[in-house]
Amino acid sequence: MRKTRSRSIALVAVLSASALLTSACSSGGSGGSATTAGSGGGKVTLNVNLFGTFGYKEAGLFDEYQTLHPNITINYTSVEQEGDYWPAFLTHLNAGSGVGDVQGIEVGRIAQATSELGDKFVDLKTTSAKDSIAKFVDWKEKAATTSTGSVIGLGTDIGPMAICYRTDLLQQAGLPTDPTQLAAKMSTWQDYLNLGEQYKAKAPAKSAWTDSTGGLYNAILSQSQEQYYDASGKLIYDTNPAIKNAWDLSVKAAQNGLTAKLAQFSDQWNQAFSTGSFATLACPSWMIGYIKGQAGTTGSGKWNVAALPGGEGGNWGGSYLAIPKASKHQAEAADLITWLTAAAQQQKVFEKVGNFPSNTDAIAAVATVTDPYFTNAPIGKIFGDAAKSAPVQTLGLHDGDVKTQITNGLTQVEAQGVDPAKAWADVQAAVKSQVG
């Protein structure tokens, strides 16, 4: 969930357990029981602080958990933009106060969390979550493990990639609308841009090929193992040919007028989902729910999903649930995150909002899921295949910060007409100032 994982809609909710029916039954093998958390008899309020849309509220999981655990009240807060969430969280974490019992960590921050902040989080191997650590795709555990062997987070989702597109707009421009035929026309990213030129020539008024350079850049780079750092932890963004390729193709799209010049997750971008301002966009699995939320019921049946160009899968996003040591309810928090990340719950979240599971049992369970909103696209298979072929990305200390600066540079080119060389120089200066 970028889910950047700024995934989507701001949610602030306080869910009261007193308004729910109590239940003595277990969760049916879904990672918890009705008597585990709060079993001491006292009322416990768990503060769950996340960003974007993790899908727990939307899938009714907080309500369900409180029904199963009548002594637990979940106080849930979500910040829309991860870029706002993380700095504020670090301020509270370093102060030792004001943090939640459960905090989300985006995949672009997990290297920083394990290398610089590991002593501020509970080692989940010492909690009830210990038996769940190995139930996720292999790289999830590795990425959340500190140099001392502590595991500080349980995986939520991953972000396998595809292309989401408006069938009605492509049809008006005389382009294929069948996902297999469309994918065959864009087997490489250059093919994708060439198809965009064809769309531009016959496109409906005020409709661009894709939404933004930022989204295009992230999609192209998502297929690369090494991105901003190498395996030794050296910052390599300015010498990595994969970065240059993604930058150059995104700049070309901007200069050729193929983008709608929209900043992702802005109000204007949100509104564009229902106005036909763009025909295609880079689509990590969590974007499925976002599109539904922004395009609304009038968009149902107008969207479809095709495989990503480039001949292999990519990954953009994915997060973790962690417990700060400052939490006064660590045992109850561990029970909660174990349950939320169990296979049954991850399956429900995928079916509701599209966040693709990182739990291996859940991945198998969603393989046949289709989505009527997206013209009955087999989203379980499409994103499942993308997840299997995506590289295991090398994560670095300040991945999120470097990505933000590069996206800012692309926005300069796209929206302000800044020379690409000048924009890249600005990126380098900003990265040097921010991360060294």
# chains A, B, ... in the order shown; residues from 1 in each chain; ligands from 1

$ select_by_dssp --residues "range 64-289 of chain A" --states "helix (DSSP H, G or I)" --output "ChimeraX atom specification"
/A:64-68,82-95,107-116,118-120,124-126,130-135,138-143,167-172,179-185,189-202,213-221,241-255,267-272,287-289

$ residues_around --residues "Gly311 in chain A" --least-positions-apart "4" --cutoff "12 Å" --atoms "only C-alpha atoms" --output "list in words"
Met161, Ala162, Ala183, Ala184, Met186, Ser187, Thr188, Trp189, Asp191, Ile220, Gln223, Ser224, Ala307, Asp385, Ala386, Ser389 and Ala390 of chain A

$ write_last_selection --atoms "N, CA and C atoms" --output "PDB file, in the first residue's frame"
ATOM      1  N   MET A 161       2.448  -4.954 -10.302  1.00  0.00           N
ATOM      2  CA  MET A 161       2.069  -3.898 -11.228  1.00  0.00           C
ATOM      3  C   MET A 161       1.320  -4.397 -12.454  1.00  0.00           C
ATOM      4  N   ALA A 162       0.460  -3.530 -12.970  1.00  0.00           N
ATOM      5  CA  ALA A 162      -0.229  -3.742 -14.242  1.00  0.00           C
ATOM      6  C   ALA A 162      -0.513  -2.363 -14.837  1.00  0.00           C
ATOM      7  N   ALA A 183      -1.979  -5.614 -24.539  1.00  0.00           N
ATOM      8  CA  ALA A 183      -0.653  -5.954 -24.023  1.00  0.00           C
ATOM      9  C   ALA A 183       0.305  -6.309 -25.161  1.00  0.00           C
ATOM     10  N   ALA A 184      -0.201  -6.966 -26.192  1.00  0.00           N
ATOM     11  CA  ALA A 184       0.637  -7.328 -27.334  1.00  0.00           C
ATOM     12  C   ALA A 184       1.126  -6.094 -28.088  1.00  0.00           C
ATOM     13  N   MET A 186       1.970  -3.303 -26.644  1.00  0.00           N
ATOM     14  CA  MET A 186       2.897  -2.529 -25.806  1.00  0.00           C
ATOM     15  C   MET A 186       3.800  -3.477 -25.016  1.00  0.00           C
ATOM     16  N   SER A 187       4.541  -4.276 -25.755  1.00  0.00           N
ATOM     17  CA  SER A 187       5.418  -5.248 -25.107  1.00  0.00           C
ATOM     18  C   SER A 187       6.655  -4.606 -24.500  1.00  0.00           C
ATOM     19  N   THR A 188       6.988  -3.391 -24.930  1.00  0.00           N
ATOM     20  CA  THR A 188       8.082  -2.629 -24.328  1.00  0.00           C
ATOM     21  C   THR A 188       7.546  -1.260 -23.919  1.00  0.00           C
ATOM     22  N   TRP A 189       8.320  -0.544 -23.106  1.00  0.00           N
ATOM     23  CA  TRP A 189       7.884   0.785 -22.687  1.00  0.00           C
ATOM     24  C   TRP A 189       7.911   1.773 -23.851  1.00  0.00           C
ATOM     25  N   ASP A 191       7.146   0.895 -26.867  1.00  0.00           N
ATOM     26  CA  ASP A 191       5.876   0.568 -27.530  1.00  0.00           C
ATOM     27  C   ASP A 191       4.712   1.288 -26.847  1.00  0.00           C
ATOM     28  N   ILE A 220       7.996   2.035 -14.591  1.00  0.00           N
ATOM     29  CA  ILE A 220       9.171   1.548 -15.310  1.00  0.00           C
ATOM     30  C   ILE A 220      10.224   1.056 -14.332  1.00  0.00           C
ATOM     31  N   GLN A 223      10.362  -2.499 -12.202  1.00  0.00           N
ATOM     32  CA  GLN A 223      10.838  -3.768 -12.744  1.00  0.00           C
ATOM     33  C   GLN A 223      12.336  -3.984 -12.522  1.00  0.00           C
ATOM     34  N   SER A 224      12.990  -3.069 -11.825  1.00  0.00           N
ATOM     35  CA  SER A 224      14.435  -3.152 -11.606  1.00  0.00           C
ATOM     36  C   SER A 224      14.748  -3.588 -10.185  1.00  0.00           C
ATOM     37  N   ALA A 307      -1.493  -6.508 -18.679  1.00  0.00           N
ATOM     38  CA  ALA A 307      -0.160  -6.759 -18.143  1.00  0.00           C
ATOM     39  C   ALA A 307       0.755  -5.567 -18.396  1.00  0.00           C
ATOM     40  N   ASP A 385       0.544 -13.163 -11.208  1.00  0.00           N
ATOM     41  CA  ASP A 385       1.623 -13.405 -12.165  1.00  0.00           C
ATOM     42  C   ASP A 385       2.682 -12.307 -12.085  1.00  0.00           C
ATOM     43  N   ALA A 386       2.225 -11.060 -11.921  1.00  0.00           N
ATOM     44  CA  ALA A 386       3.176  -9.952 -11.807  1.00  0.00           C
ATOM     45  C   ALA A 386       4.041 -10.100 -10.555  1.00  0.00           C
ATOM     46  N   SER A 389       6.849 -12.704 -11.078  1.00  0.00           N
ATOM     47  CA  SER A 389       7.943 -12.341 -11.977  1.00  0.00           C
ATOM     48  C   SER A 389       8.652 -11.053 -11.587  1.00  0.00           C
ATOM     49  N   ALA A 390       8.164 -10.367 -10.567  1.00  0.00           N
ATOM     50  CA  ALA A 390       8.805  -9.119 -10.139  1.00  0.00           C
ATOM     51  C   ALA A 390      10.133  -9.409  -9.444  1.00  0.00           C
TER      52      ALA A 390
END

$ residues_around --residues "range 368-381 of chain A" --least-positions-apart "3" --cutoff "8 Å" --atoms "only C-alpha atoms" --output "ChimeraX atom specification"
/A:292,299-305,351,365,384-385

$ write_last_selection --atoms "N, CA and C atoms" --output "tab-separated table (two decimals), in the first residue's frame"
chain	number	residue	atom	x	y	z
A	292	LYS	N	-11.83	2.80	-7.93
A	292	LYS	CA	-13.25	2.65	-7.60
A	292	LYS	C	-13.75	3.80	-6.74
A	299	GLY	N	-18.06	4.70	-13.21
A	299	GLY	CA	-16.89	4.14	-13.87
A	299	GLY	C	-16.94	2.63	-14.01
A	300	SER	N	-17.89	2.00	-13.37
A	300	SER	CA	-17.99	0.55	-13.40
A	300	SER	C	-18.21	0.05	-14.83
A	301	GLY	N	-17.39	-0.93	-15.24
A	301	GLY	CA	-17.49	-1.47	-16.58
A	301	GLY	C	-16.73	-0.70	-17.63
A	302	LYS	N	-16.17	0.46	-17.27
A	302	LYS	CA	-15.40	1.26	-18.22
A	302	LYS	C	-13.90	0.99	-18.11
A	303	TRP	N	-13.50	0.31	-17.03
A	303	TRP	CA	-12.07	0.08	-16.79
A	303	TRP	C	-11.72	-1.39	-17.04
A	304	ASN	N	-10.45	-1.61	-17.36
A	304	ASN	CA	-9.93	-2.96	-17.49
A	304	ASN	C	-8.47	-2.95	-17.07
A	305	VAL	N	-7.84	-4.12	-17.07
A	305	VAL	CA	-6.47	-4.26	-16.58
A	305	VAL	C	-5.68	-5.11	-17.56
A	351	GLU	N	-10.03	-8.46	-1.85
A	351	GLU	CA	-11.32	-8.49	-2.53
A	351	GLU	C	-12.09	-7.18	-2.38
A	365	ALA	N	-5.09	-18.09	-2.27
A	365	ALA	CA	-6.54	-18.03	-2.13
A	365	ALA	C	-7.19	-17.03	-3.09
A	384	GLY	N	-1.15	-11.69	-9.48
A	384	GLY	CA	-0.39	-12.83	-8.98
A	384	GLY	C	0.78	-13.16	-9.89
A	385	ASP	N	0.54	-13.16	-11.21
A	385	ASP	CA	1.62	-13.41	-12.16
A	385	ASP	C	2.68	-12.31	-12.08

$ residues_around --residues "Leu249 in chain A" --least-positions-apart "4" --cutoff "12 Å" --atoms "only C-alpha atoms" --output "MDAnalysis selection string"
chainID A and resid 188:194 213:221 242:245 253:256 258:259 410 420

$ write_last_selection --atoms "N, CA and C atoms" --output "CSV table (one decimal), in the first residue's frame"
chain,number,residue,atom,x,y,z
A,188,THR,N,7.0,-3.4,-24.9
A,188,THR,CA,8.1,-2.6,-24.3
A,188,THR,C,7.5,-1.3,-23.9
A,189,TRP,N,8.3,-0.5,-23.1
A,189,TRP,CA,7.9,0.8,-22.7
A,189,TRP,C,7.9,1.8,-23.9
A,190,GLN,N,8.8,1.6,-24.8
A,190,GLN,CA,8.8,2.4,-26.0
A,190,GLN,C,7.5,2.2,-26.8
A,191,ASP,N,7.1,0.9,-26.9
A,191,ASP,CA,5.9,0.6,-27.5
A,191,ASP,C,4.7,1.3,-26.8
A,192,TYR,N,4.8,1.3,-25.5
A,192,TYR,CA,3.7,2.0,-24.8
A,192,TYR,C,3.6,3.5,-25.2
A,193,LEU,N,4.8,4.1,-25.3
A,193,LEU,CA,4.8,5.5,-25.7
A,193,LEU,C,4.3,5.7,-27.1
A,194,ASN,N,4.7,4.7,-28.0
A,194,ASN,CA,4.3,4.8,-29.4
A,194,ASN,C,2.8,4.7,-29.5
A,213,THR,N,4.0,11.9,-15.3
A,213,THR,CA,5.3,11.4,-15.4
A,213,THR,C,5.7,10.6,-14.2
A,214,GLY,N,5.2,11.0,-13.0
A,214,GLY,CA,5.6,10.3,-11.7
A,214,GLY,C,5.1,8.9,-11.7
A,215,GLY,N,3.9,8.7,-12.2
A,215,GLY,CA,3.3,7.3,-12.2
A,215,GLY,C,4.1,6.5,-13.2
A,216,LEU,N,4.4,7.1,-14.4
A,216,LEU,CA,5.1,6.3,-15.4
A,216,LEU,C,6.5,5.9,-15.0
A,217,TYR,N,7.2,6.9,-14.4
A,217,TYR,CA,8.5,6.6,-13.8
A,217,TYR,C,8.5,5.5,-12.8
A,218,ASN,N,7.6,5.5,-11.9
A,218,ASN,CA,7.5,4.5,-10.9
A,218,ASN,C,7.2,3.1,-11.5
A,219,ALA,N,6.4,3.1,-12.5
A,219,ALA,CA,6.1,1.8,-13.1
A,219,ALA,C,7.3,1.2,-13.8
A,220,ILE,N,8.0,2.0,-14.6
A,220,ILE,CA,9.2,1.5,-15.3
A,220,ILE,C,10.2,1.1,-14.3
A,221,LEU,N,10.5,1.9,-13.3
A,221,LEU,CA,11.5,1.5,-12.3
A,221,LEU,C,11.1,0.3,-11.5
A,242,ALA,N,19.1,2.1,-14.8
A,242,ALA,CA,17.7,1.8,-14.7
A,242,ALA,C,17.0,3.1,-14.4
A,243,ILE,N,17.6,4.0,-13.5
A,243,ILE,CA,17.0,5.3,-13.2
A,243,ILE,C,17.0,6.2,-14.4
A,244,LYS,N,18.2,6.2,-15.1
A,244,LYS,CA,18.3,7.0,-16.3
A,244,LYS,C,17.2,6.6,-17.4
A,245,ASN,N,17.0,5.3,-17.5
A,245,ASN,CA,16.1,4.9,-18.5
A,245,ASN,C,14.6,5.3,-18.1
A,253,ALA,N,7.7,11.3,-22.5
A,253,ALA,CA,6.3,11.3,-22.5
A,253,ALA,C,5.8,12.7,-22.2
A,254,ALA,N,6.4,13.4,-21.3
A,254,ALA,CA,6.0,14.8,-20.9
A,254,ALA,C,6.2,15.7,-22.1
A,255,GLN,N,7.4,15.7,-22.7
A,255,GLN,CA,7.7,16.6,-23.8
A,255,GLN,C,6.8,16.3,-25.0
A,256,ASN,N,6.4,15.1,-25.2
A,256,ASN,CA,5.5,14.8,-26.4
A,256,ASN,C,4.0,15.0,-26.1
A,258,LEU,N,2.1,13.5,-23.8
A,258,LEU,CA,1.3,12.3,-23.6
A,258,LEU,C,0.7,12.2,-22.1
A,259,THR,N,1.1,13.1,-21.3
A,259,THR,CA,0.6,13.1,-19.9
A,259,THR,C,-0.4,14.2,-19.6
A,410,LEU,N,10.7,15.5,-12.2
A,410,LEU,CA,9.9,15.2,-13.3
A,410,LEU,C,8.7,16.2,-13.4
A,420,PRO,N,15.2,19.4,-18.9
A,420,PRO,CA,15.4,18.1,-18.1
A,420,PRO,C,16.8,18.1,-17.5

$ atom_distance --atom1 "CA of Thr73 in chain A" --atom2 "CA of Leu321 in chain A"
17.8 Å

$ atom_distance --atom1 "CA of Ala144 in chain A" --atom2 "CA of Val107 in chain A"
9.2 Å

$ select_by_dssp --residues "range 114-353 of chain A" --states "strand (DSSP E)" --output "number ranges by chain"
A: 154-155, 157-158, 161-166, 208-210, 278-284, 303-306, 319-322

$ write_last_selection --atoms "C-alpha atoms" --output "PDB file, in the first residue's frame"
ATOM      1  CA  LEU A 154       4.611  -8.027   9.806  1.00  0.00           C
ATOM      2  CA  GLY A 155       3.894  -7.666   6.090  1.00  0.00           C
ATOM      3  CA  ASP A 157       0.513  -6.124   1.169  1.00  0.00           C
ATOM      4  CA  ILE A 158       2.808  -5.949  -1.832  1.00  0.00           C
ATOM      5  CA  MET A 161       2.069  -3.898 -11.228  1.00  0.00           C
ATOM      6  CA  ALA A 162      -0.229  -3.742 -14.242  1.00  0.00           C
ATOM      7  CA  ILE A 163      -1.740  -1.094 -16.516  1.00  0.00           C
ATOM      8  CA  CYS A 164      -5.297   0.042 -15.783  1.00  0.00           C
ATOM      9  CA  TYR A 165      -7.102   1.651 -18.681  1.00  0.00           C
ATOM     10  CA  ARG A 166     -10.407   3.126 -19.820  1.00  0.00           C
ATOM     11  CA  ALA A 208      -4.192  12.379 -22.382  1.00  0.00           C
ATOM     12  CA  TRP A 209      -2.575   8.957 -22.758  1.00  0.00           C
ATOM     13  CA  THR A 210      -1.473   8.705 -19.119  1.00  0.00           C
ATOM     14  CA  PHE A 278      -6.370  10.145 -19.055  1.00  0.00           C
ATOM     15  CA  ALA A 279      -6.786   6.754 -20.673  1.00  0.00           C
ATOM     16  CA  THR A 280      -4.141   4.655 -18.903  1.00  0.00           C
ATOM     17  CA  LEU A 281      -2.145   4.712 -15.710  1.00  0.00           C
ATOM     18  CA  ALA A 282       0.440   2.640 -13.908  1.00  0.00           C
ATOM     19  CA  CYS A 283      -1.583   0.381 -11.671  1.00  0.00           C
ATOM     20  CA  PRO A 284      -0.154  -1.368  -8.631  1.00  0.00           C
ATOM     21  CA  TRP A 303     -12.073   0.080 -16.788  1.00  0.00           C
ATOM     22  CA  ASN A 304      -9.931  -2.959 -17.485  1.00  0.00           C
ATOM     23  CA  VAL A 305      -6.470  -4.261 -16.583  1.00  0.00           C
ATOM     24  CA  ALA A 306      -3.606  -5.369 -18.842  1.00  0.00           C
ATOM     25  CA  SER A 319       3.879  -1.933   3.937  1.00  0.00           C
ATOM     26  CA  TYR A 320       4.349  -3.337   7.431  1.00  0.00           C
ATOM     27  CA  LEU A 321       2.639  -3.177  10.801  1.00  0.00           C
ATOM     28  CA  ALA A 322       5.009  -2.479  13.694  1.00  0.00           C
TER      29      ALA A 322
END

$ closest_residue --among "A:Gly396, A:Pro204, A:Gly55, A:Gly98" --to "Tyr229 in chain A" --atoms "only C-alpha atoms"
A:Gly396

$ closest_residue --among "A:Gln198, A:Gln172, A:Gln66, A:Ser212" --to "Glu414 in chain A" --atoms "only C-alpha atoms"
A:Ser212

$ residues_around --residues "range 108-111 of chain A" --least-positions-apart "3" --cutoff "7 Å" --atoms "only C-alpha atoms" --output "VMD selection string"
chain A and resid 105 114 to 115 143 to 144 395 to 400

$ write_last_selection --atoms "C-alpha atoms" --output "compact mmCIF listing (two decimals), in the first residue's frame"
# COMPACT_ATOMS: atom_id res chain seq x y z
CA ILE A 105 5.81 1.48 7.86
CA THR A 114 15.63 -1.45 10.66
CA SER A 115 19.02 0.25 10.43
CA ALA A 143 13.52 -6.50 4.84
CA ALA A 144 12.01 -6.12 8.33
CA LEU A 395 15.94 -1.46 -0.40
CA GLY A 396 17.96 1.51 0.76
CA LEU A 397 18.09 3.85 3.71
CA HIS A 398 16.34 6.80 2.06
CA ASP A 399 14.49 5.23 -0.87
CA GLY A 400 11.37 7.23 -0.18

$ closest_atom_pairs --of "range 38-88 of chain A" --to "range 331-340 of chain A" --cutoff "8 Å" --atoms "only C-alpha atoms" --output "CSV"
residue,atom,partner,partner_atom,distance
A:Gly38,CA,A:Glu332,CA,6.4
A:Leu46,CA,A:Ala333,CA,6.8
A:Tyr56,CA,A:Leu340,CA,7.7
A:Leu61,CA,A:Leu340,CA,7.5
A:Tyr65,CA,A:Leu336,CA,7.9

$ residues_around --residues "range 295-298 of chain A" --least-positions-apart "6" --cutoff "10 Å" --atoms "only C-alpha atoms" --output "list in words"
Asn270, Gln271, Ala272, Phe273, Ser274, Thr275, Gly276 and Tyr373 of chain A

$ residues_around --residues "Ala421 in chain A" --least-positions-apart "6" --cutoff "10 Å" --atoms "only C-alpha atoms" --output "list in words"
Gly409, Val413 and Val427 of chain A

$ write_last_selection --atoms "C-alpha atoms" --output "PDB file, in the first residue's frame"
ATOM      1  CA  GLY A 409      12.126  16.908 -10.822  1.00  0.00           C
ATOM      2  CA  VAL A 413       9.718  19.177 -16.610  1.00  0.00           C
ATOM      3  CA  VAL A 427      17.214  16.620  -8.079  1.00  0.00           C
TER       4      VAL A 427
END

$ atom_distance --atom1 "CA of Gly118 in chain A" --atom2 "CA of Ala344 in chain A"
28.9 Å

$ closest_residue --among "A:Thr404, A:Ala88, A:Lys135, A:Ile363" --to "Ala263 in chain A" --atoms "only C-alpha atoms"
A:Thr404

$ closest_residue --among "A:Ser207, A:Thr53, A:Ser250, A:Asn71" --to "Met287 in chain A" --atoms "only C-alpha atoms"
A:Thr53
